[in-house]
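Enquirer: The structure follows.
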Amino acid sequence: AIEVGGTTGMTEEKMQAVVEACSEHDVPLYIEPGVDATVVHTDSLDGYLIPIVFNAGDVSWMTGAHKEWVIDWARTNTEAYIVLNPDSSVATYTQANCDLDAEDVAAYATIAERMFGQEIVYVEYSGTFGDPEIVAAAGDALDEATLFY
């Protein structure tokens, strides 16, 4: 699948252009909203993956931001985010606590799956190479959810 999103600098026009370019390929295509401008609606999308940032300092990234998006909820899945790159835009934007060890990340993954019923847990390093021990700890904590890295 192709997952398209962005935290900073995205406009509806830019997102539409990326979605159109990606839709030319026979691969499932999803939008992952980061801000209102990243939500576009087109039949070429397979759906939306909505981030819920479990280690956000700004609690609106647990539920508040999501109410602003007009989403086709029939084609929407949520994904538990655990943001781990403190230099990333998403860490800044959500005020994420990225000072987590393997035990902390495993605990967040467990809470996401068991308490919140998340089917996807995303250990998010924003383009940097993640600590294999931390990623493994998140995977080991999951029984049924799928780990994205």
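The way I read the labels, and the way they are meant: chains A, B, ... in the order of the structure tokens, residue 1 as the first residue of every chain, and ligand 1 as the first ligand shown, with later ones counted on from there.
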A:Asp72: which residues within 12 Å, counting only C-alpha atoms, same-chain residues fewer than 5 positions away excluded, as a PDB file with all heavy atoms, in the first residue's frame?

Expert:
ATOM      1  N   TYR A  30      -3.846   5.157   0.610  1.00  0.00           N
ATOM      2  CA  TYR A  30      -4.456   5.719   1.818  1.00  0.00           C
ATOM      3  C   TYR A  30      -3.880   7.096   2.113  1.00  0.00           C
ATOM      4  O   TYR A  30      -2.700   7.342   1.878  1.00  0.00           O
ATOM      5  CB  TYR A  30      -4.192   4.816   3.029  1.00  0.00           C
ATOM      6  CG  TYR A  30      -4.864   3.487   2.927  1.00  0.00           C
ATOM      7  CD1 TYR A  30      -4.263   2.430   2.276  1.00  0.00           C
ATOM      8  CD2 TYR A  30      -6.122   3.297   3.491  1.00  0.00           C
ATOM      9  CE1 TYR A  30      -4.889   1.204   2.161  1.00  0.00           C
ATOM     10  CE2 TYR A  30      -6.759   2.064   3.385  1.00  0.00           C
ATOM     11  CZ  TYR A  30      -6.133   1.024   2.714  1.00  0.00           C
ATOM     12  OH  TYR A  30      -6.761  -0.188   2.612  1.00  0.00           O
ATOM     13  N   ILE A  31      -4.719   7.957   2.664  1.00  0.00           N
ATOM     14  CA  ILE A  31      -4.258   9.246   3.181  1.00  0.00           C
ATOM     15  C   ILE A  31      -4.158   9.122   4.685  1.00  0.00           C
ATOM     16  O   ILE A  31      -5.047   8.572   5.340  1.00  0.00           O
ATOM     17  CB  ILE A  31      -5.219  10.388   2.815  1.00  0.00           C
ATOM     18  CG1 ILE A  31      -5.063  10.753   1.347  1.00  0.00           C
ATOM     19  CG2 ILE A  31      -4.971  11.618   3.699  1.00  0.00           C
ATOM     20  CD1 ILE A  31      -5.939  11.898   0.899  1.00  0.00           C
ATOM     21  N   VAL A  39      -6.426  16.299   4.018  1.00  0.00           N
ATOM     22  CA  VAL A  39      -7.602  15.459   3.811  1.00  0.00           C
ATOM     23  C   VAL A  39      -8.239  15.855   2.484  1.00  0.00           C
ATOM     24  O   VAL A  39      -8.822  16.926   2.356  1.00  0.00           O
ATOM     25  CB  VAL A  39      -8.630  15.609   4.964  1.00  0.00           C
ATOM     26  CG1 VAL A  39      -9.833  14.717   4.712  1.00  0.00           C
ATOM     27  CG2 VAL A  39      -7.986  15.268   6.294  1.00  0.00           C
ATOM     28  N   VAL A  40      -8.079  14.997   1.502  1.00  0.00           N
ATOM     29  CA  VAL A  40      -8.759  15.186   0.220  1.00  0.00           C
ATOM     30  C   VAL A  40      -9.647  13.976  -0.003  1.00  0.00           C
ATOM     31  O   VAL A  40      -9.413  12.905   0.551  1.00  0.00           O
ATOM     32  CB  VAL A  40      -7.767  15.377  -0.956  1.00  0.00           C
ATOM     33  CG1 VAL A  40      -6.946  16.631  -0.767  1.00  0.00           C
ATOM     34  CG2 VAL A  40      -6.885  14.182  -1.144  1.00  0.00           C
ATOM     35  N   HIS A  41     -10.663  14.179  -0.796  1.00  0.00           N
ATOM     36  CA  HIS A  41     -11.628  13.114  -1.037  1.00  0.00           C
ATOM     37  C   HIS A  41     -11.666  12.795  -2.523  1.00  0.00           C
ATOM     38  O   HIS A  41     -11.871  13.675  -3.348  1.00  0.00           O
ATOM     39  CB  HIS A  41     -13.017  13.539  -0.548  1.00  0.00           C
ATOM     40  CG  HIS A  41     -13.018  13.948   0.891  1.00  0.00           C
ATOM     41  ND1 HIS A  41     -12.977  13.041   1.914  1.00  0.00           N
ATOM     42  CD2 HIS A  41     -13.023  15.176   1.471  1.00  0.00           C
ATOM     43  CE1 HIS A  41     -12.973  13.681   3.072  1.00  0.00           C
ATOM     44  NE2 HIS A  41     -12.985  14.978   2.832  1.00  0.00           N
ATOM     45  N   THR A  42     -11.421  11.538  -2.833  1.00  0.00           N
ATOM     46  CA  THR A  42     -11.457  11.088  -4.214  1.00  0.00           C
ATOM     47  C   THR A  42     -11.738   9.592  -4.222  1.00  0.00           C
ATOM     48  O   THR A  42     -11.370   8.867  -3.292  1.00  0.00           O
ATOM     49  CB  THR A  42     -10.131  11.406  -4.943  1.00  0.00           C
ATOM     50  OG1 THR A  42     -10.172  10.841  -6.251  1.00  0.00           O
ATOM     51  CG2 THR A  42      -8.933  10.863  -4.206  1.00  0.00           C
ATOM     52  N   ASP A  43     -12.384   9.131  -5.266  1.00  0.00           N
ATOM     53  CA  ASP A  43     -12.697   7.706  -5.385  1.00  0.00           C
ATOM     54  C   ASP A  43     -11.460   6.844  -5.571  1.00  0.00           C
ATOM     55  O   ASP A  43     -11.499   5.637  -5.371  1.00  0.00           O
ATOM     56  CB  ASP A  43     -13.659   7.469  -6.553  1.00  0.00           C
ATOM     57  CG  ASP A  43     -15.047   8.016  -6.268  1.00  0.00           C
ATOM     58  OD1 ASP A  43     -15.395   8.174  -5.076  1.00  0.00           O
ATOM     59  OD2 ASP A  43     -15.778   8.300  -7.233  1.00  0.00           O
ATOM     60  N   LEU A  45      -8.939   6.771  -3.694  1.00  0.00           N
ATOM     61  CA  LEU A  45      -8.428   6.358  -2.382  1.00  0.00           C
ATOM     62  C   LEU A  45      -9.088   5.072  -1.917  1.00  0.00           C
ATOM     63  O   LEU A  45     -10.291   4.873  -2.113  1.00  0.00           O
ATOM     64  CB  LEU A  45      -8.719   7.428  -1.332  1.00  0.00           C
ATOM     65  CG  LEU A  45      -7.931   8.715  -1.401  1.00  0.00           C
ATOM     66  CD1 LEU A  45      -8.463   9.688  -0.361  1.00  0.00           C
ATOM     67  CD2 LEU A  45      -6.459   8.450  -1.181  1.00  0.00           C
ATOM     68  N   ASP A  46      -8.303   4.234  -1.281  1.00  0.00           N
ATOM     69  CA  ASP A  46      -8.862   3.062  -0.620  1.00  0.00           C
ATOM     70  C   ASP A  46      -9.347   3.419   0.779  1.00  0.00           C
ATOM     71  O   ASP A  46     -10.151   2.700   1.357  1.00  0.00           O
ATOM     72  CB  ASP A  46      -7.824   1.939  -0.559  1.00  0.00           C
ATOM     73  CG  ASP A  46      -7.599   1.352  -1.937  1.00  0.00           C
ATOM     74  OD1 ASP A  46      -8.377   0.484  -2.338  1.00  0.00           O
ATOM     75  OD2 ASP A  46      -6.659   1.811  -2.623  1.00  0.00           O
ATOM     76  N   GLY A  47      -8.829   4.525   1.310  1.00  0.00           N
ATOM     77  CA  GLY A  47      -9.293   4.959   2.611  1.00  0.00           C
ATOM     78  C   GLY A  47      -8.329   5.886   3.308  1.00  0.00           C
ATOM     79  O   GLY A  47      -7.439   6.477   2.687  1.00  0.00           O
ATOM     80  N   TYR A  48      -8.532   5.993   4.622  1.00  0.00           N
ATOM     81  CA  TYR A  48      -7.777   6.900   5.469  1.00  0.00           C
ATOM     82  C   TYR A  48      -7.220   6.127   6.653  1.00  0.00           C
ATOM     83  O   TYR A  48      -7.876   5.235   7.182  1.00  0.00           O
ATOM     84  CB  TYR A  48      -8.683   8.025   5.988  1.00  0.00           C
ATOM     85  CG  TYR A  48      -9.354   8.787   4.874  1.00  0.00           C
ATOM     86  CD1 TYR A  48     -10.573   8.355   4.349  1.00  0.00           C
ATOM     87  CD2 TYR A  48      -8.777   9.922   4.333  1.00  0.00           C
ATOM     88  CE1 TYR A  48     -11.188   9.036   3.309  1.00  0.00           C
ATOM     89  CE2 TYR A  48      -9.383  10.613   3.300  1.00  0.00           C
ATOM     90  CZ  TYR A  48     -10.597  10.160   2.794  1.00  0.00           C
ATOM     91  OH  TYR A  48     -11.197  10.835   1.766  1.00  0.00           O
ATOM     92  N   LEU A  49      -6.016   6.482   7.067  1.00  0.00           N
ATOM     93  CA  LEU A  49      -5.398   5.942   8.277  1.00  0.00           C
ATOM     94  C   LEU A  49      -5.216   7.124   9.225  1.00  0.00           C
ATOM     95  O   LEU A  49      -4.423   8.022   8.959  1.00  0.00           O
ATOM     96  CB  LEU A  49      -4.059   5.285   7.963  1.00  0.00           C
ATOM     97  CG  LEU A  49      -4.139   4.042   7.083  1.00  0.00           C
ATOM     98  CD1 LEU A  49      -2.740   3.603   6.652  1.00  0.00           C
ATOM     99  CD2 LEU A  49      -4.843   2.917   7.807  1.00  0.00           C
ATOM    100  N   ILE A  50      -5.972   7.119  10.304  1.00  0.00           N
ATOM    101  CA  ILE A  50      -6.023   8.261  11.207  1.00  0.00           C
ATOM    102  C   ILE A  50      -5.054   8.047  12.366  1.00  0.00           C
ATOM    103  O   ILE A  50      -5.196   7.093  13.137  1.00  0.00           O
ATOM    104  CB  ILE A  50      -7.451   8.459  11.757  1.00  0.00           C
ATOM    105  CG1 ILE A  50      -8.453   8.591  10.611  1.00  0.00           C
ATOM    106  CG2 ILE A  50      -7.497   9.649  12.702  1.00  0.00           C
ATOM    107  CD1 ILE A  50      -8.235   9.766   9.707  1.00  0.00           C
ATOM    108  N   ASN A  77      -9.519   3.686   9.030  1.00  0.00           N
ATOM    109  CA  ASN A  77      -8.931   2.906  10.119  1.00  0.00           C
ATOM    110  C   ASN A  77      -8.082   3.858  10.942  1.00  0.00           C
ATOM    111  O   ASN A  77      -7.563   4.844  10.435  1.00  0.00           O
ATOM    112  CB  ASN A  77      -8.041   1.779   9.582  1.00  0.00           C
ATOM    113  CG  ASN A  77      -8.834   0.732   8.846  1.00  0.00           C
ATOM    114  OD1 ASN A  77      -9.686   0.081   9.420  1.00  0.00           O
ATOM    115  ND2 ASN A  77      -8.566   0.586   7.570  1.00  0.00           N
TER     116      ASN A  77
END

Enquirer: For stretch 25-93 of chain A versus stretch 111-124 of chain A, which residues have an atom no more than 7 Å away, and what is each residue's nearest atom pair and distance in Å rounded to one decimal, using only C-alpha atoms, chain-then-number order, as a Markdown table?

Expert:
| residue | atom | partner | partner_atom | distance |
| --- | --- | --- | --- | --- |
| A:Thr78 | CA | A:Gln118 | CA | 6.9 |
| A:Glu79 | CA | A:Ile120 | CA | 4.8 |
| A:Ala80 | CA | A:Val121 | CA | 4.7 |
| A:Tyr81 | CA | A:Tyr122 | CA | 4.8 |
| A:Ile82 | CA | A:Val123 | CA | 5.0 |
| A:Val83 | CA | A:Glu124 | CA | 4.8 |
| A:Leu84 | CA | A:Glu124 | CA | 5.9 |

Enquirer: Neighbours of A:Ser126 within 9 Å (only C-alpha atoms; same-chain residues fewer than 6 positions away dropped), as a PDB file with N, CA and C atoms, in the first residue's frame?

Expert:
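Output saved as part.pdb:
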ATOM      1  N   VAL A  83       5.559   8.199  18.532  1.00  0.00           N
ATOM      2  CA  VAL A  83       6.528   9.044  17.847  1.00  0.00           C
ATOM      3  C   VAL A  83       7.849   8.991  18.604  1.00  0.00           C
ATOM      4  N   LEU A  84       8.953   8.696  17.880  1.00  0.00           N
ATOM      5  CA  LEU A  84      10.235   8.510  18.555  1.00  0.00           C
ATOM      6  C   LEU A  84      11.381   9.363  18.027  1.00  0.00           C
ATOM      7  N   ASN A  85      11.166  10.149  17.008  1.00  0.00           N
ATOM      8  CA  ASN A  85      12.212  11.041  16.512  1.00  0.00           C
ATOM      9  C   ASN A  85      11.915  12.451  17.028  1.00  0.00           C
ATOM     10  N   ASP A  87      13.357  15.161  16.622  1.00  0.00           N
ATOM     11  CA  ASP A  87      13.653  16.222  15.670  1.00  0.00           C
ATOM     12  C   ASP A  87      12.635  16.299  14.536  1.00  0.00           C
ATOM     13  N   SER A  88      11.645  15.440  14.554  1.00  0.00           N
ATOM     14  CA  SER A  88      10.667  15.400  13.473  1.00  0.00           C
ATOM     15  C   SER A  88       9.587  16.462  13.650  1.00  0.00           C
ATOM     16  N   SER A  89       8.989  16.819  12.546  1.00  0.00           N
ATOM     17  CA  SER A  89       7.881  17.779  12.580  1.00  0.00           C
ATOM     18  C   SER A  89       6.718  17.233  13.393  1.00  0.00           C
ATOM     19  N   VAL A  90       6.431  15.947  13.249  1.00  0.00           N
ATOM     20  CA  VAL A  90       5.301  15.377  13.983  1.00  0.00           C
ATOM     21  C   VAL A  90       5.552  15.410  15.482  1.00  0.00           C
TER      22      VAL A  90
END

Enquirer: For the helix (DSSP H, G or I) assignment from backbone DSSP, which residues of stretch 28-62 of chain A qualify? Please present them as a ChimeraX atom specification.

Expert: /A:36-38,59-61

Enquirer: Quick one: write out the picked residues with N, CA and C atoms as a compact mmCIF listing (two decimals), in the first residue's frame?

Expert:
# COMPACT_ATOMS: atom_id res chain seq x y z
N ASP A 36 -5.62 19.61 8.52
CA ASP A 36 -6.83 19.66 7.68
C ASP A 36 -6.54 19.61 6.19
N ALA A 37 -5.47 20.29 5.76
CA ALA A 37 -5.16 20.39 4.34
C ALA A 37 -4.77 19.06 3.72
N THR A 38 -4.46 18.07 4.53
CA THR A 38 -4.05 16.79 3.97
C THR A 38 -5.22 15.84 3.76
N VAL A 59 -2.83 16.71 24.04
CA VAL A 59 -3.84 15.64 24.05
C VAL A 59 -4.83 15.74 22.90
N SER A 60 -4.84 16.85 22.19
CA SER A 60 -5.76 16.92 21.04
C SER A 60 -5.38 15.88 19.99
N TRP A 61 -4.15 15.34 20.06
CA TRP A 61 -3.76 14.30 19.10
C TRP A 61 -4.22 12.91 19.51

Enquirer: Got a sec: who's within 7 Å of A:Thr110, counting only C-alpha atoms, leaving out chain neighbours fewer than 4 positions off, as a count of residues only?

Expert: 4

Enquirer: Going by DSSP on the backbone, which residues of stretch 19-68 of chain A come out as strand (DSSP E or B)? List them as a PyMOL selection string.

Expert: chain A and resi 29-32+47-53

Enquirer: Might you pull out every residue within 8 Å of A:Gly34, with only C-alpha atoms counted and same-chain residues fewer than 5 positions away left off, and present them as a PyMOL selection string?

Expert: chain A and resi 5-7+51
